[in-house]
There are 2 protein chains.
Amino acid sequence: MMSRASDTAYRKIRSFVLSGEAHPGMQLTEEQLAEISGVSRTPVRDAVQRLENEMLLVRSASKRLSVADWSDDEIDEMFTLRGMLESHAAQRAAQKMNAGSLKQLREINEALTKAVDQTTPDIATFLDANRQFHDLILECAQSPRLSKLLPALVEQPVVRRTAHHYSREDLMQSRADHEELIAAFTAKDQNWASAVMTSHIRRAFHSFSVATKSSAED
Amino acid sequence: MMSRASDTAYRKIRSFVLSGEAHPGMQLTEEQLAEISGVSRTPVRDAVQRLENEMLLVRSASKRLSVADWSDDEIDEMFTLRGMLESHAAQRAAQKMNAGSLKQLREINEALTKAVDQTTPDIATFLDANRQFHDLILECAQSPRLSKLLPALVEQPVVRRTAHHYSREDLMQSRADHEELIAAFTAKDQNWASAVMTSHIRRAFHSFSVATKSSAED
DNA sequence: CACCGTTGTATTGTATACAATTGTGATCCG
DNA sequence: CGGATCACAATTGTATACAATACAACGGTG
């Protein structure tokens, strides 16, 4: 269990950044964040260091804090790295997967399907189920190191902003990818699992690209 | 530049761990580390969080600190991940490499050659030049995210302990790998660079495996 | 004698005060 | 008017005191 204050600070600051309330490049002070979080600067500094690792916050040469502002190249790179690591996780998971986890994966993807399979898709539920699905795979990969590395590749900031741009087709395709992943896991086929994951992540990137491009045209 | 106290704490604790003075699994307290570092607990906690990211230190469920103790599987996994990420770095570097950096790489590998090319190889100099070589490639890859990720895959703890086991052949092969990397960079051949890096890292792993295995037999 | 709570102690977590550093703006001189 | 310099304001860094939590030893009770 995380320490109370430093954890709430982490969550509050994180949602402050991800909600878009804080725009990229915006300067911050530790004291500001302490007020927002309702705790003192000590746990805030703890939380800030974590967020620096996720590169949601950056420190200038003179230690000033600001909200990260990613270039197109950096976003591409993030998806690439995430693709590499998640594929590797899928590969390991395929090897170590057991019946219980497999069952859980199916249940999660059923929930995800329900969220998508309505007249107006429930994006929040979709995103949550999607995260659960990937987290469970990561857990099955049984690699503490991967588990440490992957959270530093947060796609949330871009995903959250663009999720409502996703077409129903994109969401259905995600669902289908997950189904195929489950099939690969069932067959314990590492290469299959890895390949599906690679295209799954890469597709997400292109959906994102199209979404931002079109929103830029607004 | 990092803050003075928290940085010295980081370096002192790190070397305390890497020197082997602190054996794997050993329990630590923040106060102990504060004494060792000669600073108060506040900057120590800063340093500890960094070292946790590098997984040199771990916290139990109840926040107790201890020196990490890696299983064989985890070490294998670390080399695998490092291989993936460094290959990717090499690929990007091949694309973005310029004449100045190439010249530097050649110079570094000359220094490395000198260190190896004597009756009794100078391991310390070799390791230092080797690190410089890889760091420069990482810099040329121009990916802040990779630069953030790779330090979390420290091979130092195992390398330092086993470096003196490395045979002259291993060292010469490393030198040759670097030469081939330079050739790939000169040709701006991304696939070549990436492939050479993959085998370079993987070879290092097997040299390490053999070295530890034989030292276990002592 | 085993088991479970209770109390005391060790350790980590948080707040606050202060030190060091950095940014800023006014003033003085050229 | 332009630029350097100094003073002060804002911000980050560190130490210390205290609060909360986890651990261990002890003693009671079934």
# chains A, B, ... in the order shown; residues from 1 in each chain; ligands from 1

$ interface_residues --of "chain B" --to "chain D" --cutoff "10 Å" --atoms "only C-alpha atoms (C1' of nucleotides)" --output "PyMOL selection string"
chain B and resi 3-6+39-43+62-64

$ select_by_dssp --residues "chain B" --states "helix (DSSP H, G or I)" --output "number ranges by chain"
B: 4-18, 30-37, 41-53, 72-96, 99-116, 123-141, 144-152, 156-165, 168-186, 190-216

$ write_last_selection --atoms "C-alpha atoms" --output "compact mmCIF listing (two decimals), in the first residue's frame"
# COMPACT_ATOMS: atom_id res chain seq x y z
CA ARG B 4 24.25 18.50 -4.16
CA ALA B 5 23.19 16.41 -1.19
CA SER B 6 20.71 14.16 -2.95
CA ASP B 7 23.25 13.51 -5.67
CA THR B 8 26.08 12.59 -3.33
CA ALA B 9 23.64 10.34 -1.48
CA TYR B 10 22.77 8.69 -4.76
CA ARG B 11 26.39 8.08 -5.68
CA LYS B 12 27.45 6.90 -2.26
CA ILE B 13 24.56 4.50 -1.82
CA ARG B 14 24.96 3.25 -5.35
CA SER B 15 28.62 2.48 -4.93
CA PHE B 16 27.86 1.00 -1.54
CA VAL B 17 25.58 -1.46 -3.29
CA LEU B 18 27.67 -2.07 -6.40
CA GLU B 30 17.05 5.24 5.61
CA GLU B 31 18.94 6.45 8.64
CA GLN B 32 21.80 4.06 7.99
CA LEU B 33 22.05 5.32 4.43
CA ALA B 34 21.88 8.89 5.70
CA GLU B 35 24.90 8.21 7.89
CA ILE B 36 26.80 6.57 5.06
CA SER B 37 26.03 9.51 2.78
CA ARG B 41 17.08 11.48 5.42
CA THR B 42 15.34 13.89 3.07
CA PRO B 43 17.84 13.74 0.20
CA VAL B 44 18.41 10.06 0.99
CA ARG B 45 14.78 9.34 0.28
CA ASP B 46 15.23 11.13 -3.03
CA ALA B 47 18.22 8.99 -3.91
CA VAL B 48 16.53 5.81 -2.75
CA GLN B 49 13.59 6.41 -5.06
CA ARG B 50 15.99 6.70 -8.00
CA LEU B 51 17.75 3.51 -6.98
CA GLU B 52 14.41 1.77 -6.67
CA ASN B 53 13.74 2.64 -10.28
CA ASP B 72 18.77 -15.95 -12.88
CA ASP B 73 15.55 -15.41 -14.79
CA GLU B 74 15.51 -11.73 -13.93
CA ILE B 75 19.09 -11.30 -15.08
CA ASP B 76 18.32 -13.06 -18.34
CA GLU B 77 15.26 -10.86 -18.74
CA MET B 78 17.29 -7.75 -18.06
CA PHE B 79 19.76 -8.59 -20.80
CA THR B 80 16.87 -9.38 -23.15
CA LEU B 81 15.20 -6.05 -22.50
CA ARG B 82 18.47 -4.21 -22.71
CA GLY B 83 19.12 -5.94 -26.01
CA MET B 84 15.76 -4.83 -27.38
CA LEU B 85 16.15 -1.24 -26.31
CA GLU B 86 19.81 -0.85 -27.25
CA SER B 87 19.16 -2.36 -30.66
CA HIS B 88 16.40 0.14 -31.14
CA ALA B 89 18.77 2.89 -30.04
CA ALA B 90 21.36 1.68 -32.54
CA GLN B 91 18.74 1.65 -35.27
CA ARG B 92 17.74 5.23 -34.58
CA ALA B 93 21.35 6.29 -34.18
CA ALA B 94 22.23 4.84 -37.59
CA GLN B 95 19.62 7.14 -39.05
CA LYS B 96 20.71 10.28 -37.24
CA ALA B 99 30.40 12.82 -38.82
CA GLY B 100 31.40 14.31 -35.46
CA SER B 101 29.79 11.57 -33.42
CA LEU B 102 31.25 8.91 -35.68
CA LYS B 103 34.70 10.36 -35.09
CA GLN B 104 34.09 10.28 -31.34
CA LEU B 105 32.95 6.67 -31.49
CA ARG B 106 36.18 5.75 -33.29
CA GLU B 107 38.26 7.54 -30.69
CA ILE B 108 36.47 5.86 -27.82
CA ASN B 109 36.98 2.45 -29.37
CA GLU B 110 40.67 3.22 -29.90
CA ALA B 111 41.00 3.89 -26.19
CA LEU B 112 39.13 0.66 -25.53
CA THR B 113 41.46 -1.21 -27.87
CA LYS B 114 44.52 0.09 -26.03
CA ALA B 115 43.05 -1.04 -22.73
CA VAL B 116 42.50 -4.55 -24.06
CA ILE B 123 39.42 -3.87 -17.19
CA ALA B 124 38.48 -0.59 -15.51
CA THR B 125 39.42 1.41 -18.58
CA PHE B 126 37.69 -1.10 -20.81
CA LEU B 127 34.44 -0.82 -18.85
CA ASP B 128 34.62 2.94 -18.86
CA ALA B 129 35.23 3.17 -22.60
CA ASN B 130 32.52 0.60 -23.21
CA ARG B 131 30.05 2.68 -21.23
CA GLN B 132 31.04 5.83 -23.09
CA PHE B 133 30.55 4.05 -26.40
CA HIS B 134 27.02 2.92 -25.57
CA ASP B 135 26.11 6.25 -23.99
CA LEU B 136 27.13 8.11 -27.10
CA ILE B 137 25.00 5.86 -29.28
CA LEU B 138 22.08 6.48 -26.94
CA GLU B 139 22.64 10.20 -27.24
CA CYS B 140 22.71 9.97 -31.03
CA ALA B 141 19.39 8.10 -30.98
CA PRO B 144 14.52 11.27 -24.39
CA ARG B 145 12.28 8.38 -23.55
CA LEU B 146 14.90 5.75 -24.35
CA SER B 147 17.38 7.76 -22.33
CA LYS B 148 15.02 7.59 -19.40
CA LEU B 149 14.30 3.88 -19.82
CA LEU B 150 17.73 2.39 -20.37
CA PRO B 151 19.36 3.48 -17.12
CA ALA B 152 16.75 1.35 -15.36
CA GLN B 156 26.78 -2.93 -13.69
CA PRO B 157 26.07 -5.01 -10.60
CA VAL B 158 26.69 -8.20 -12.46
CA VAL B 159 29.31 -6.81 -14.82
CA ARG B 160 31.46 -5.35 -12.10
CA ARG B 161 31.54 -8.58 -10.18
CA THR B 162 32.42 -10.71 -13.12
CA ALA B 163 34.54 -8.44 -15.30
CA HIS B 164 37.78 -9.97 -14.15
CA HIS B 165 36.47 -13.32 -15.31
CA ARG B 168 40.78 -11.72 -23.47
CA GLU B 169 38.80 -13.21 -26.33
CA ASP B 170 35.56 -11.78 -24.95
CA LEU B 171 37.10 -8.35 -24.73
CA MET B 172 38.52 -8.55 -28.24
CA GLN B 173 35.15 -9.66 -29.54
CA SER B 174 33.51 -6.65 -27.89
CA ARG B 175 36.04 -4.45 -29.61
CA ALA B 176 35.23 -6.11 -32.94
CA ASP B 177 31.50 -5.68 -32.38
CA HIS B 178 32.05 -1.98 -31.82
CA GLU B 179 34.04 -1.76 -35.04
CA GLU B 180 31.20 -3.39 -36.91
CA LEU B 181 28.71 -1.01 -35.31
CA ILE B 182 30.82 1.88 -36.54
CA ALA B 183 30.79 0.37 -40.01
CA ALA B 184 27.01 0.04 -39.89
CA PHE B 185 26.67 3.64 -38.73
CA THR B 186 28.99 4.81 -41.49
CA GLN B 190 19.76 0.71 -39.60
CA ASN B 191 19.09 -3.00 -39.81
CA TRP B 192 22.77 -3.83 -39.72
CA ALA B 193 23.37 -1.63 -36.70
CA SER B 194 20.40 -3.09 -34.90
CA ALA B 195 21.40 -6.68 -35.60
CA VAL B 196 24.99 -6.19 -34.50
CA MET B 197 23.83 -4.58 -31.28
CA THR B 198 21.46 -7.45 -30.56
CA SER B 199 24.18 -10.06 -30.83
CA HIS B 200 26.63 -7.80 -29.01
CA ILE B 201 24.38 -7.61 -25.94
CA ARG B 202 23.40 -11.23 -26.14
CA ARG B 203 27.02 -12.30 -26.29
CA ALA B 204 27.72 -10.23 -23.20
CA PHE B 205 24.99 -12.16 -21.45
CA HIS B 206 26.53 -15.49 -22.32
CA SER B 207 29.99 -14.37 -21.31
CA PHE B 208 28.43 -13.37 -18.03
CA SER B 209 26.65 -16.69 -17.66
CA VAL B 210 29.82 -18.67 -18.25
CA ALA B 211 31.76 -16.42 -15.88
CA THR B 212 29.30 -16.78 -13.01
CA LYS B 213 28.92 -20.47 -13.60
CA SER B 214 32.67 -21.03 -13.38
CA SER B 215 32.99 -18.75 -10.35
CA ALA B 216 30.23 -20.72 -8.65

$ select_by_dssp --residues "chain B" --states "strand (DSSP E or B)" --output "list in words"
Gln27, Leu28, Leu57, Val58, Arg59, Leu65, Ser66 and Val67 of chain B

$ interface_residues --of "chain C" --to "chain B" --cutoff "12 Å" --atoms "only C-alpha atoms (C1' of nucleotides)" --output "PyMOL selection string"
chain C and resi 10-14+20-21

$ write_last_selection --atoms "C-alpha atoms (C1' of nucleotides)" --output "tab-separated table (two decimals), in the first residue's frame"
chain	number	residue	atom	x	y	z
C	10	DA	C1'	12.21	0.75	15.43
C	11	DT	C1'	11.22	2.62	10.92
C	12	DT	C1'	8.97	5.08	7.63
C	13	DG	C1'	5.86	9.18	6.38
C	14	DT	C1'	4.69	14.17	6.79
C	20	DA	C1'	20.70	27.81	-0.97
C	21	DT	C1'	19.77	28.94	-5.44
